[in-house]
file my_file.csv (CSV, C-alpha atoms)
chain,number,residue,atom,x,y,z
A,196,MET,CA,-9.1,4.8,7.9
A,197,GLY,CA,-8.1,2.9,4.7
A,198,GLU,CA,-8.5,-0.7,3.9
A,199,LYS,CA,-5.0,-1.7,5.1
A,200,GLU,CA,-5.5,-0.2,8.6
A,201,ASN,CA,-8.8,-2.0,8.7
A,202,ARG,CA,-7.4,-5.3,7.9
A,203,ASN,CA,-8.3,-6.7,11.3
A,204,GLY,CA,-11.6,-4.9,10.9
A,205,LEU,CA,-12.0,-3.6,14.4
A,206,ASN,CA,-13.1,-0.3,13.1
A,207,GLY,CA,-14.2,-1.2,9.6
A,208,ARG,CA,-15.4,-3.9,7.4
A,209,TYR,CA,-15.7,-6.7,10.0
A,210,SER,CA,-16.5,-4.5,13.0
A,211,ARG,CA,-20.1,-5.8,13.2
A,212,GLN,CA,-19.1,-9.4,13.3
A,213,ILE,CA,-16.0,-9.4,15.4
A,214,PRO,CA,-18.1,-8.8,18.6
A,215,ILE,CA,-19.7,-12.1,17.9
A,216,LEU,CA,-16.8,-14.1,16.3
A,217,GLY,CA,-14.0,-12.5,18.3
A,218,VAL,CA,-10.7,-11.3,16.8
A,219,GLU,CA,-9.4,-14.9,17.0
A,220,GLY,CA,-12.5,-16.1,15.1
A,221,GLN,CA,-12.0,-13.5,12.5
A,222,GLU,CA,-8.4,-14.4,12.1
A,223,LYS,CA,-9.4,-18.1,11.7
A,224,ILE,CA,-11.8,-17.0,8.9
A,225,ARG,CA,-9.0,-15.0,7.3
A,226,GLN,CA,-6.7,-18.0,7.2
A,227,ALA,CA,-9.3,-20.4,5.9
A,228,ARG,CA,-9.2,-22.0,2.5
A,229,VAL,CA,-12.6,-22.9,1.1
A,230,LEU,CA,-13.9,-24.6,-2.1
A,231,ILE,CA,-17.3,-23.5,-3.3
A,232,ALA,CA,-18.5,-26.0,-5.9
A,233,GLY,CA,-20.8,-24.1,-8.2
A,234,ALA,CA,-21.5,-20.4,-8.9
A,235,GLY,CA,-25.3,-20.8,-9.5
A,236,GLY,CA,-28.2,-20.1,-7.2
A,237,LEU,CA,-26.7,-21.4,-4.0
A,238,GLY,CA,-23.1,-20.6,-5.0
A,239,SER,CA,-24.0,-16.9,-5.6
A,240,VAL,CA,-25.4,-16.5,-2.1
A,241,ILE,CA,-22.7,-18.6,-0.4
A,242,ALA,CA,-19.8,-16.8,-2.2
A,243,LEU,CA,-21.2,-13.4,-1.5
A,244,TYR,CA,-21.6,-14.0,2.2
A,245,LEU,CA,-18.3,-15.8,2.6
A,246,ALA,CA,-16.4,-13.1,0.6
A,247,ALA,CA,-18.1,-10.4,2.7
A,248,ALA,CA,-17.2,-12.3,5.9
A,249,GLY,CA,-13.5,-12.2,5.0
A,250,ILE,CA,-12.8,-15.8,4.2
A,251,GLY,CA,-9.1,-15.6,3.2
A,252,PHE,CA,-9.1,-17.9,0.2
A,253,ILE,CA,-12.1,-18.9,-1.9
A,254,ARG,CA,-11.8,-21.3,-4.9
A,255,LEU,CA,-15.0,-21.0,-6.9
A,256,VAL,CA,-15.5,-23.6,-9.6
A,257,ASP,CA,-18.2,-23.6,-12.3
A,258,HIS,CA,-18.1,-24.5,-16.0
A,259,ASP,CA,-21.2,-22.8,-17.1
A,260,ARG,CA,-21.9,-19.5,-18.8
A,261,VAL,CA,-24.5,-17.0,-17.6
A,262,ASP,CA,-27.9,-17.6,-19.3
A,263,SER,CA,-31.0,-15.3,-19.0
A,264,SER,CA,-32.8,-18.2,-17.2
A,265,ASN,CA,-30.3,-17.9,-14.4
A,266,LEU,CA,-31.2,-14.3,-13.5
A,267,ASN,CA,-34.2,-15.0,-11.2
A,268,ARG,CA,-31.9,-16.5,-8.6
A,269,GLN,CA,-28.2,-16.4,-9.4
A,270,ILE,CA,-27.6,-13.0,-7.8
A,271,LEU,CA,-23.9,-12.9,-8.6
A,272,HIS,CA,-24.8,-12.6,-12.3
A,273,TRP,CA,-26.6,-9.7,-13.8
A,274,SER,CA,-28.2,-8.8,-17.2
A,275,GLY,CA,-24.9,-7.5,-18.6
A,276,ASP,CA,-23.2,-10.8,-17.8
A,277,ILE,CA,-25.2,-13.0,-20.2
A,278,ASN,CA,-22.9,-15.4,-22.1
A,279,GLN,CA,-20.0,-14.6,-19.9
A,280,PRO,CA,-18.4,-17.5,-17.9
A,281,LYS,CA,-20.0,-17.6,-14.5
A,282,THR,CA,-16.6,-17.5,-12.8
A,283,ALA,CA,-15.6,-14.3,-14.6
A,284,SER,CA,-18.9,-12.7,-13.7
A,285,ALA,CA,-18.6,-13.9,-10.1
A,286,GLU,CA,-15.0,-12.6,-9.9
A,287,LYS,CA,-16.0,-9.1,-10.8
A,288,LYS,CA,-18.6,-8.8,-8.1
A,289,LEU,CA,-16.8,-10.7,-5.3
A,290,LEU,CA,-13.6,-8.7,-5.6
A,291,ALA,CA,-15.5,-5.5,-5.8
A,292,LEU,CA,-17.3,-6.5,-2.7
A,293,ASN,CA,-14.2,-7.5,-0.8
A,294,PRO,CA,-10.8,-6.9,-2.4
A,295,GLN,CA,-9.1,-8.3,0.7
A,296,ILE,CA,-9.9,-11.9,-0.1
A,297,SER,CA,-7.9,-14.2,-2.3
A,298,LEU,CA,-10.2,-15.6,-5.0
A,299,GLU,CA,-9.3,-18.4,-7.4
A,300,ILE,CA,-11.8,-19.0,-10.1
A,301,ASP,CA,-11.8,-22.1,-12.3
A,302,SER,CA,-14.1,-22.9,-15.2
A,303,GLY,CA,-13.2,-26.6,-15.2
A,304,THR,CA,-15.6,-29.4,-14.6
A,305,ILE,CA,-15.7,-31.3,-11.3
A,306,ASP,CA,-15.4,-34.9,-12.2
A,307,GLU,CA,-13.7,-38.1,-10.9
A,308,SER,CA,-10.2,-37.0,-12.0
A,309,SER,CA,-10.4,-33.3,-11.1
A,310,VAL,CA,-12.3,-33.5,-7.8
A,311,SER,CA,-9.2,-34.3,-5.7
A,312,VAL,CA,-7.3,-31.4,-7.2
A,313,PHE,CA,-10.1,-28.9,-6.5
A,314,ALA,CA,-10.5,-30.3,-3.0
A,315,GLY,CA,-6.9,-31.1,-2.3
A,316,ASP,CA,-5.7,-28.1,-0.4
A,317,VAL,CA,-8.8,-26.6,1.1
A,318,ASP,CA,-10.2,-26.8,4.7
A,319,LEU,CA,-13.8,-27.5,3.7
A,320,ILE,CA,-16.1,-27.9,0.7
A,321,VAL,CA,-19.4,-26.1,0.1
A,322,ASP,CA,-21.9,-27.9,-2.1
A,323,ALA,CA,-23.5,-25.5,-4.5
A,324,MET,CA,-24.0,-28.0,-7.3
A,325,ASP,CA,-27.2,-28.7,-9.2
A,326,ASN,CA,-26.9,-32.5,-9.5
A,327,PHE,CA,-26.3,-35.5,-7.2
A,328,PRO,CA,-23.6,-37.3,-9.2
A,329,THR,CA,-21.2,-34.4,-8.6
A,330,ARG,CA,-22.3,-34.0,-5.1
A,331,TYR,CA,-21.4,-37.6,-4.4
A,332,LEU,CA,-17.9,-37.0,-5.9
A,333,LEU,CA,-17.5,-34.0,-3.5
A,334,ASN,CA,-18.9,-36.0,-0.6
A,335,ARG,CA,-16.3,-38.8,-1.2
A,336,ALA,CA,-13.5,-36.3,-1.6
A,337,ALA,CA,-14.5,-34.7,1.7
A,338,VAL,CA,-14.6,-38.1,3.4
A,339,ALA,CA,-11.2,-39.0,2.0
A,340,ARG,CA,-9.6,-35.8,3.3
A,341,ARG,CA,-11.7,-35.8,6.5
A,342,ILE,CA,-12.8,-32.3,5.8
A,343,PRO,CA,-16.4,-30.9,6.3
A,344,PHE,CA,-18.9,-30.9,3.5
A,345,PHE,CA,-21.7,-28.4,3.7
A,346,HIS,CA,-24.6,-29.8,1.7
A,347,GLY,CA,-27.5,-27.7,0.3
A,348,ALA,CA,-30.1,-28.3,-2.4
A,349,VAL,CA,-33.2,-26.5,-3.6
A,350,ARG,CA,-36.4,-27.1,-5.6
A,351,GLY,CA,-39.3,-24.7,-5.9
A,352,PHE,CA,-40.2,-23.4,-2.4
A,353,TYR,CA,-38.3,-26.3,-0.8
A,354,GLY,CA,-34.7,-26.8,0.2
A,355,GLN,CA,-32.5,-28.8,2.5
A,356,ALA,CA,-29.1,-28.4,4.1
A,357,ALA,CA,-26.8,-30.6,6.2
A,358,THR,CA,-23.4,-30.2,7.7
A,359,ILE,CA,-21.4,-33.3,7.1
A,360,LEU,CA,-18.4,-33.9,9.4
A,361,PRO,CA,-16.6,-37.1,8.2
A,362,GLY,CA,-16.1,-39.6,10.9
A,363,ARG,CA,-18.7,-37.9,13.1
A,364,THR,CA,-21.9,-37.5,11.2
A,365,ALA,CA,-23.8,-39.2,8.4
A,366,CYS,CA,-22.3,-38.5,5.0
A,367,LEU,CA,-24.4,-37.4,2.0
A,368,ARG,CA,-24.6,-41.0,0.8
A,369,CYS,CA,-25.8,-42.2,4.2
A,370,ILE,CA,-28.7,-39.7,4.0
A,371,PHE,CA,-29.4,-40.2,0.3
A,372,PRO,CA,-28.2,-43.5,-1.1
A,373,GLU,CA,-29.5,-42.4,-4.6
A,374,GLY,CA,-30.1,-38.9,-5.9
A,375,PRO,CA,-33.4,-37.9,-7.5
A,376,PRO,CA,-33.5,-38.1,-11.3
A,377,ALA,CA,-31.8,-35.2,-13.2
A,378,GLU,CA,-34.2,-32.5,-14.1
A,379,THR,CA,-34.3,-28.8,-14.7
A,380,SER,CA,-35.6,-27.9,-11.3
A,381,PRO,CA,-38.2,-25.2,-11.0
A,382,ILE,CA,-37.0,-22.7,-8.4
A,383,VAL,CA,-38.0,-19.6,-6.6
A,384,GLY,CA,-34.9,-17.5,-6.4
A,385,ALA,CA,-35.4,-16.6,-2.7
A,386,THR,CA,-35.2,-20.3,-1.8
A,387,CYS,CA,-31.5,-20.2,-2.8
A,388,GLY,CA,-31.2,-17.2,-0.4
A,389,VAL,CA,-32.5,-19.2,2.5
A,390,ILE,CA,-30.5,-22.4,1.9
A,391,GLY,CA,-27.3,-20.7,0.7
A,392,SER,CA,-27.4,-18.4,3.8
A,393,ILE,CA,-27.8,-21.4,6.1
A,394,GLN,CA,-24.8,-23.1,4.4
A,395,ALA,CA,-22.7,-19.9,4.7
A,396,THR,CA,-23.7,-19.6,8.4
A,397,GLU,CA,-22.6,-23.1,9.0
A,398,VAL,CA,-19.2,-22.4,7.4
A,399,ILE,CA,-18.6,-19.3,9.4
A,400,LYS,CA,-19.6,-21.1,12.6
A,401,TYR,CA,-17.3,-24.0,11.8
A,402,LEU,CA,-14.3,-21.9,11.0
A,403,SER,CA,-14.7,-19.5,13.9
A,404,GLY,CA,-15.4,-22.3,16.3
A,405,LYS,CA,-18.8,-20.8,17.3
A,406,GLY,CA,-22.0,-22.7,18.2
A,407,THR,CA,-22.8,-26.3,17.3
A,408,PRO,CA,-22.9,-27.7,13.7
A,409,LEU,CA,-26.3,-28.4,12.2
A,410,GLY,CA,-26.8,-31.9,13.4
A,411,LYS,CA,-29.8,-32.8,11.4
A,412,LEU,CA,-31.0,-32.6,7.8
A,413,LEU,CA,-32.7,-29.3,7.8
A,414,PHE,CA,-35.7,-29.1,5.6
A,415,TRP,CA,-37.1,-25.7,4.5
A,416,ASP,CA,-40.7,-25.5,3.4
A,417,GLY,CA,-41.2,-22.0,2.1
A,418,LEU,CA,-44.8,-22.7,1.1
A,419,HIS,CA,-45.7,-23.2,4.8
A,420,GLY,CA,-42.9,-21.0,6.2
A,421,GLU,CA,-41.6,-23.8,8.3
A,422,MET,CA,-38.2,-25.3,8.9
A,423,ASP,CA,-37.8,-28.8,10.4
A,424,GLY,CA,-34.9,-30.9,11.4
A,425,ILE,CA,-35.0,-34.5,10.3
A,426,ASP,CA,-32.9,-37.0,12.3
A,427,ILE,CA,-30.1,-38.6,10.3
A,428,SER,CA,-27.6,-41.2,11.3
A,429,ARG,CA,-24.6,-42.9,9.8
A,430,ASN,CA,-25.0,-46.1,7.8
A,431,PRO,CA,-22.3,-48.5,9.1
A,432,SER,CA,-22.1,-50.1,5.6
A,433,CYS,CA,-22.1,-46.9,3.6
A,434,ILE,CA,-20.2,-47.2,0.4
A,435,ASP,CA,-18.7,-43.7,0.8
A,436,CYS,CA,-17.9,-43.4,4.5
A,437,GLY,CA,-18.2,-46.9,5.9
A,438,PRO,CA,-15.3,-49.2,6.7
A,439,PHE,CA,-15.6,-50.8,3.2
A,440,ALA,CA,-15.7,-47.6,1.3
A,441,VAL,CA,-14.1,-47.7,-2.1
A,442,GLY,CA,-10.5,-46.5,-1.7
A,443,GLY,CA,-10.3,-47.6,1.9
A,444,GLU,CA,-10.8,-44.1,3.1
A,445,GLY,CA,-13.8,-44.9,5.2
A,446,THR,CA,-13.9,-43.4,8.6
B,255,MET,CA,-48.1,-50.1,18.5
B,256,LYS,CA,-48.0,-46.5,17.6
B,257,VAL,CA,-45.6,-44.9,15.1
B,258,THR,CA,-45.2,-41.3,14.0
B,259,VAL,CA,-45.1,-40.4,10.4
B,260,ARG,CA,-43.5,-37.0,9.3
B,261,ALA,CA,-44.2,-35.9,5.7
B,262,PHE,CA,-42.4,-33.2,3.8
B,263,ALA,CA,-42.8,-31.2,0.6
B,264,HIS,CA,-45.7,-32.4,-1.6
B,265,LEU,CA,-46.2,-35.4,0.6
B,266,ARG,CA,-47.2,-33.0,3.4
B,267,ASP,CA,-50.1,-31.8,1.2
B,268,ILE,CA,-51.5,-35.4,1.2
B,269,LEU,CA,-50.7,-36.6,4.8
B,270,GLY,CA,-50.4,-33.4,6.8
B,271,LYS,CA,-47.2,-32.5,8.6
B,272,GLU,CA,-47.2,-35.3,11.1
B,273,LEU,CA,-49.5,-38.0,12.1
B,274,GLU,CA,-49.6,-41.0,14.5
B,275,ILE,CA,-50.8,-44.3,13.3
B,276,GLU,CA,-51.7,-47.5,15.1
B,277,LEU,CA,-50.2,-50.6,13.5
B,278,PRO,CA,-50.1,-54.3,14.3
B,279,GLU,CA,-46.9,-55.5,16.1
B,280,GLY,CA,-44.2,-56.4,13.7
B,281,GLU,CA,-45.6,-54.3,10.8
B,282,THR,CA,-43.2,-53.3,8.0
B,283,ILE,CA,-42.7,-50.1,6.0
B,284,ARG,CA,-44.6,-51.7,3.2
B,285,GLY,CA,-47.6,-52.3,5.5
B,286,LEU,CA,-47.4,-48.8,6.9
B,287,LEU,CA,-47.4,-47.3,3.4
B,288,ALA,CA,-50.4,-49.5,2.4
B,289,ALA,CA,-52.3,-48.3,5.4
B,290,LEU,CA,-51.5,-44.7,4.6
B,291,GLY,CA,-52.6,-45.3,1.0
B,292,GLU,CA,-56.0,-46.6,2.2
B,293,SER,CA,-56.5,-43.6,4.5
B,294,HIS,CA,-55.2,-40.8,2.3
B,295,GLY,CA,-56.2,-40.4,-1.4
B,296,GLY,CA,-53.4,-39.7,-3.8
B,297,PHE,CA,-50.7,-41.1,-1.5
B,298,GLN,CA,-50.2,-44.3,-3.4
B,299,GLU,CA,-49.7,-42.4,-6.7
B,300,ALA,CA,-47.3,-39.9,-5.1
B,301,LEU,CA,-45.1,-42.6,-3.7
B,302,PHE,CA,-45.1,-45.5,-6.1
B,303,ASP,CA,-44.5,-45.8,-9.9
B,304,GLY,CA,-46.1,-49.2,-10.0
B,305,PRO,CA,-46.9,-52.0,-7.5
B,306,GLY,CA,-44.1,-52.0,-4.9
B,307,GLN,CA,-41.9,-49.7,-7.0
B,308,LEU,CA,-41.0,-46.6,-5.0
B,309,LYS,CA,-40.5,-43.5,-7.1
B,310,PRO,CA,-36.8,-42.5,-7.0
B,311,LEU,CA,-37.9,-39.1,-5.8
B,312,ASN,CA,-38.8,-40.4,-2.4
B,313,ASN,CA,-36.7,-41.1,0.6
B,314,ILE,CA,-37.9,-43.0,3.7
B,315,LEU,CA,-36.0,-42.8,6.9
B,316,LYS,CA,-36.7,-44.9,10.0
B,317,ASN,CA,-35.3,-43.1,13.1
B,318,GLY,CA,-32.8,-41.3,10.8
B,319,ARG,CA,-31.7,-44.3,8.9
B,320,ASN,CA,-32.6,-44.6,5.2
B,321,ILE,CA,-34.5,-47.8,4.6
B,322,ASP,CA,-32.4,-48.5,1.5
B,323,PHE,CA,-29.7,-49.5,4.0
B,324,LEU,CA,-32.1,-51.5,6.2
B,325,ASP,CA,-34.5,-54.0,4.6
B,326,GLN,CA,-36.1,-51.5,2.3
B,327,LEU,CA,-39.8,-51.9,2.2
B,328,GLU,CA,-39.6,-55.0,4.4
B,329,THR,CA,-37.9,-53.0,7.2
B,330,GLN,CA,-39.7,-53.8,10.4
B,331,ILE,CA,-41.2,-51.0,12.5
B,332,GLY,CA,-41.3,-50.9,16.3
B,333,ASP,CA,-43.5,-49.0,18.8
B,334,GLY,CA,-42.4,-45.3,18.9
B,335,ASP,CA,-40.5,-45.3,15.7
B,336,VAL,CA,-40.5,-42.1,13.7
B,337,ILE,CA,-40.8,-42.5,9.9
B,338,ALA,CA,-39.9,-39.6,7.7
B,339,LEU,CA,-41.0,-39.4,4.1
B,340,PHE,CA,-39.5,-36.8,1.9
B,341,PRO,CA,-38.5,-36.0,-1.6
B,342,PRO,CA,-35.0,-34.5,-1.6
B,343,ALA,CA,-34.3,-31.4,-3.7
B,344,ALA,CA,-31.5,-31.6,-6.2
B,345,GLY,CA,-31.2,-28.1,-7.7
B,346,GLY,CA,-28.5,-25.5,-6.9
call {"tool": "encode", "arguments": {"input": "my_file.csv", "output": "structure tokens"}}
result
Amino acid sequence: MGEKENRNGLNGRYSRQIPILGVEGQEKIRQARVLIAGAGGLGSVIALYLAAAGIGFIRLVDHDRVDSSNLNRQILHWSGDINQPKTASAEKKLLALNPQISLEIDSGTIDESSVSVFAGDVDLIVDAMDNFPTRYLLNRAAVARRIPFFHGAVRGFYGQAATILPGRTACLRCIFPEGPPAETSPIVGATCGVIGSIQATEVIKYLSGKGTPLGKLLFWDGLHGEMDGIDISRNPSCIDCGPFAVGGEGT
Amino acid sequence: MKVTVRAFAHLRDILGKELEIELPEGETIRGLLAALGESHGGFQEALFDGPGQLKPLNNILKNGRNIDFLDQLETQIGDGDVIALFPPAAGG
């Protein structure tokens, strides 16, 4: 049976997930539009799993080029891709993995003026950035549009993830009023696999309407092999999601 | 009163994963941290840059609320409160 006949995946590509997500859930995934911000360590894992799952439209944004120091963790990029734009390298792999998806790549920078364009016509945003200032821009854009923001970050053997549902949960700024100082984070590649997979799982759950969204800040401690949930709650005076948020978009 | 302290990442190496501590009524986060500093070597240096100056790497949550949005180090603690100490990751 060819790809076309398998579009609904009952006998093919999606046949192992449809029993869990349902034909309806799979269709919701196919109709979804998703922004993945970053094609690095987290973005590689997230983009591969979301493409494989059959997300209908993925916009992948990253302004960097592949460097040899990326190769211990950024599994979308291989030795032959060094010096290529990460988006071009990602496009080759993602479309080879699943030619059924619609993939839009952009090598632009996510900043104050571009964030609303990148986030303007998607159903959700996945955080695969390597810095907090850009994460805060994405968080604010998600709050303004009242769309979910799937946060993840990694360092060494540690990582964290949170599913932010504007108006219902704490936003990124409620949890972290200030980001840690910029640094070149040491990182074990597999940590990106753990956290990126959690983020991708949360996206698939949300889109297909399965399960309950991650309601805590999840902290992964790879050194001890333990995962913990940390209670988080909204800050009523949050500058990003509170009633006095800049732009009056608070929820 | 008793409060629970949960520590993450490198702070766990100093404090252990979770501990209960007995504190006088009305104690603040500052008092809690001072008590932990006395009982656990290396804690003060891990948390503070200088006297009373928290390192930006560290987040302190009281029952899920970041103390930055409460009264910071002067935030009062009550019996049964859960205080989480953790350094957020930033890489991607």
call {"tool": "atom_distance", "arguments": {"input": "my_file.csv", "atom1": "atom CA of A:Ser297", "atom2": "atom CA of A:Thr386"}}
result
28.0 Å
call {"tool": "atom_distance", "arguments": {"input": "my_file.csv", "atom1": "atom CA of B:Glu276", "atom2": "atom CA of B:Lys256"}}
result
4.6 Å
call {"tool": "interface_residues", "arguments": {"input": "my_file.csv", "of": "chain B", "to": "chain A", "cutoff": "10 Å", "atoms": "only C-alpha atoms", "output": "ChimeraX atom specification"}}
result
/B:260,262-264,266,309-324,336-346
call {"tool": "axis_aligned_box", "arguments": {"input": "my_file.csv", "around": "stretch 284-295 of chain A", "padding_each_side": "3 Å", "output": "lines of an AutoDock Vina configuration file"}}
result
center_x = -14.0
center_y = -9.7
center_z = -6.5
size_x = 15.8
size_y = 14.4
size_z = 20.4
call {"tool": "atom_distance", "arguments": {"input": "my_file.csv", "atom1": "atom CA of A:Ile359", "atom2": "atom CA of A:Gly410"}}
result
8.4 Å
call {"tool": "closest_residue", "arguments": {"input": "my_file.csv", "among": "A:Gly384, A:Pro343, A:Gly220, A:Pro280", "to": "A:Ser264", "atoms": "only C-alpha atoms"}}
result
A:Gly384
call {"tool": "residues_near_point", "arguments": {"input": "my_file.csv", "point": "(-14.4, -21.6, 9.8)", "cutoff": "9 Å", "atoms": "all atoms listed in the file", "output": "CSV table (one decimal) with C-alpha atoms, in the coordinates of the input"}}
result
chain,number,residue,atom,x,y,z
A,220,GLY,CA,-12.5,-16.1,15.1
A,221,GLN,CA,-12.0,-13.5,12.5
A,223,LYS,CA,-9.4,-18.1,11.7
A,224,ILE,CA,-11.8,-17.0,8.9
A,225,ARG,CA,-9.0,-15.0,7.3
A,226,GLN,CA,-6.7,-18.0,7.2
A,227,ALA,CA,-9.3,-20.4,5.9
A,228,ARG,CA,-9.2,-22.0,2.5
A,229,VAL,CA,-12.6,-22.9,1.1
A,250,ILE,CA,-12.8,-15.8,4.2
A,318,ASP,CA,-10.2,-26.8,4.7
A,319,LEU,CA,-13.8,-27.5,3.7
A,397,GLU,CA,-22.6,-23.1,9.0
A,398,VAL,CA,-19.2,-22.4,7.4
A,399,ILE,CA,-18.6,-19.3,9.4
A,400,LYS,CA,-19.6,-21.1,12.6
A,401,TYR,CA,-17.3,-24.0,11.8
A,402,LEU,CA,-14.3,-21.9,11.0
A,403,SER,CA,-14.7,-19.5,13.9
A,404,GLY,CA,-15.4,-22.3,16.3
A,405,LYS,CA,-18.8,-20.8,17.3
call {"tool": "closest_residue", "arguments": {"input": "my_file.csv", "among": "A:Ser263, A:Asn334, A:Ser392, A:Thr358", "to": "A:Cys436", "atoms": "all atoms listed in the file"}}
result
A:Asn334
call {"tool": "closest_residue", "arguments": {"input": "my_file.csv", "among": "A:Ile213, A:Leu271, A:Leu230, A:Ile241", "to": "A:Ile342", "atoms": "all atoms listed in the file"}}
result
A:Leu230
call {"tool": "residues_near_point", "arguments": {"input": "my_file.csv", "point": "(-14.0, -33.6, -5.3)", "cutoff": "6 Å", "atoms": "all atoms listed in the file", "output": "count of residues only"}}
result
6
call {"tool": "closest_residue", "arguments": {"input": "my_file.csv", "among": "A:Pro361, A:Gly207, A:Gly251, A:Pro214", "to": "A:Gly437", "atoms": "all atoms listed in the file"}}
result
A:Pro361
call {"tool": "decode", "arguments": {"input": "my_file.csv", "residues": "stretch 293-337 of chain A", "atoms": "C-alpha atoms", "output": "mmCIF file, in the first residue's frame"}}
result
data_model
loop_
_atom_site.group_PDB
_atom_site.id
_atom_site.type_symbol
_atom_site.label_atom_id
_atom_site.label_comp_id
_atom_site.auth_asym_id
_atom_site.auth_seq_id
_atom_site.Cartn_x
_atom_site.Cartn_y
_atom_site.Cartn_z
ATOM 1 C CA ASN A 293 7.821 12.042 6.825
ATOM 2 C CA PRO A 294 7.091 13.575 3.414
ATOM 3 C CA GLN A 295 3.403 13.880 4.346
ATOM 4 C CA ILE A 296 3.925 16.856 6.631
ATOM 5 C CA SER A 297 4.088 20.469 5.586
ATOM 6 C CA LEU A 298 7.345 21.943 6.862
ATOM 7 C CA GLU A 299 8.193 25.630 6.821
ATOM 8 C CA ILE A 300 11.744 26.509 7.754
ATOM 9 C CA ASP A 301 12.921 29.994 8.653
ATOM 10 C CA SER A 302 16.473 31.115 9.377
ATOM 11 C CA GLY A 303 15.302 34.387 10.887
ATOM 12 C CA THR A 304 15.837 35.523 14.437
ATOM 13 C CA ILE A 305 13.043 35.471 16.968
ATOM 14 C CA ASP A 306 12.968 38.954 18.443
ATOM 15 C CA GLU A 307 10.444 41.514 19.678
ATOM 16 C CA SER A 308 9.295 42.395 16.185
ATOM 17 C CA SER A 309 9.320 38.957 14.567
ATOM 18 C CA VAL A 310 7.864 36.846 17.356
ATOM 19 C CA SER A 311 4.262 37.759 16.604
ATOM 20 C CA VAL A 312 4.746 36.805 12.951
ATOM 21 C CA PHE A 313 6.280 33.427 13.781
ATOM 22 C CA ALA A 314 3.596 32.756 16.391
ATOM 23 C CA GLY A 315 0.743 34.455 14.580
ATOM 24 C CA ASP A 316 -0.949 31.558 12.850
ATOM 25 C CA VAL A 317 -0.048 28.483 14.870
ATOM 26 C CA ASP A 318 -1.987 26.474 17.427
ATOM 27 C CA LEU A 319 0.865 26.214 19.905
ATOM 28 C CA ILE A 320 4.514 27.058 20.511
ATOM 29 C CA VAL A 321 7.234 24.628 21.531
ATOM 30 C CA ASP A 322 10.218 26.105 23.354
ATOM 31 C CA ALA A 323 13.503 24.728 22.079
ATOM 32 C CA MET A 324 15.533 27.862 22.700
ATOM 33 C CA ASP A 325 18.869 28.116 24.459
ATOM 34 C CA ASN A 326 18.254 31.380 26.280
ATOM 35 C CA PHE A 327 15.675 32.951 28.561
ATOM 36 C CA PRO A 328 15.240 36.370 26.888
ATOM 37 C CA THR A 329 13.826 34.665 23.759
ATOM 38 C CA ARG A 330 11.800 32.277 25.897
ATOM 39 C CA TYR A 331 10.146 35.260 27.560
ATOM 40 C CA LEU A 332 9.225 36.694 24.129
ATOM 41 C CA LEU A 333 7.647 33.378 23.153
ATOM 42 C CA ASN A 334 5.902 33.122 26.523
ATOM 43 C CA ARG A 335 4.414 36.576 26.060
ATOM 44 C CA ALA A 336 3.334 35.776 22.498
ATOM 45 C CA ALA A 337 1.639 32.596 23.728
#
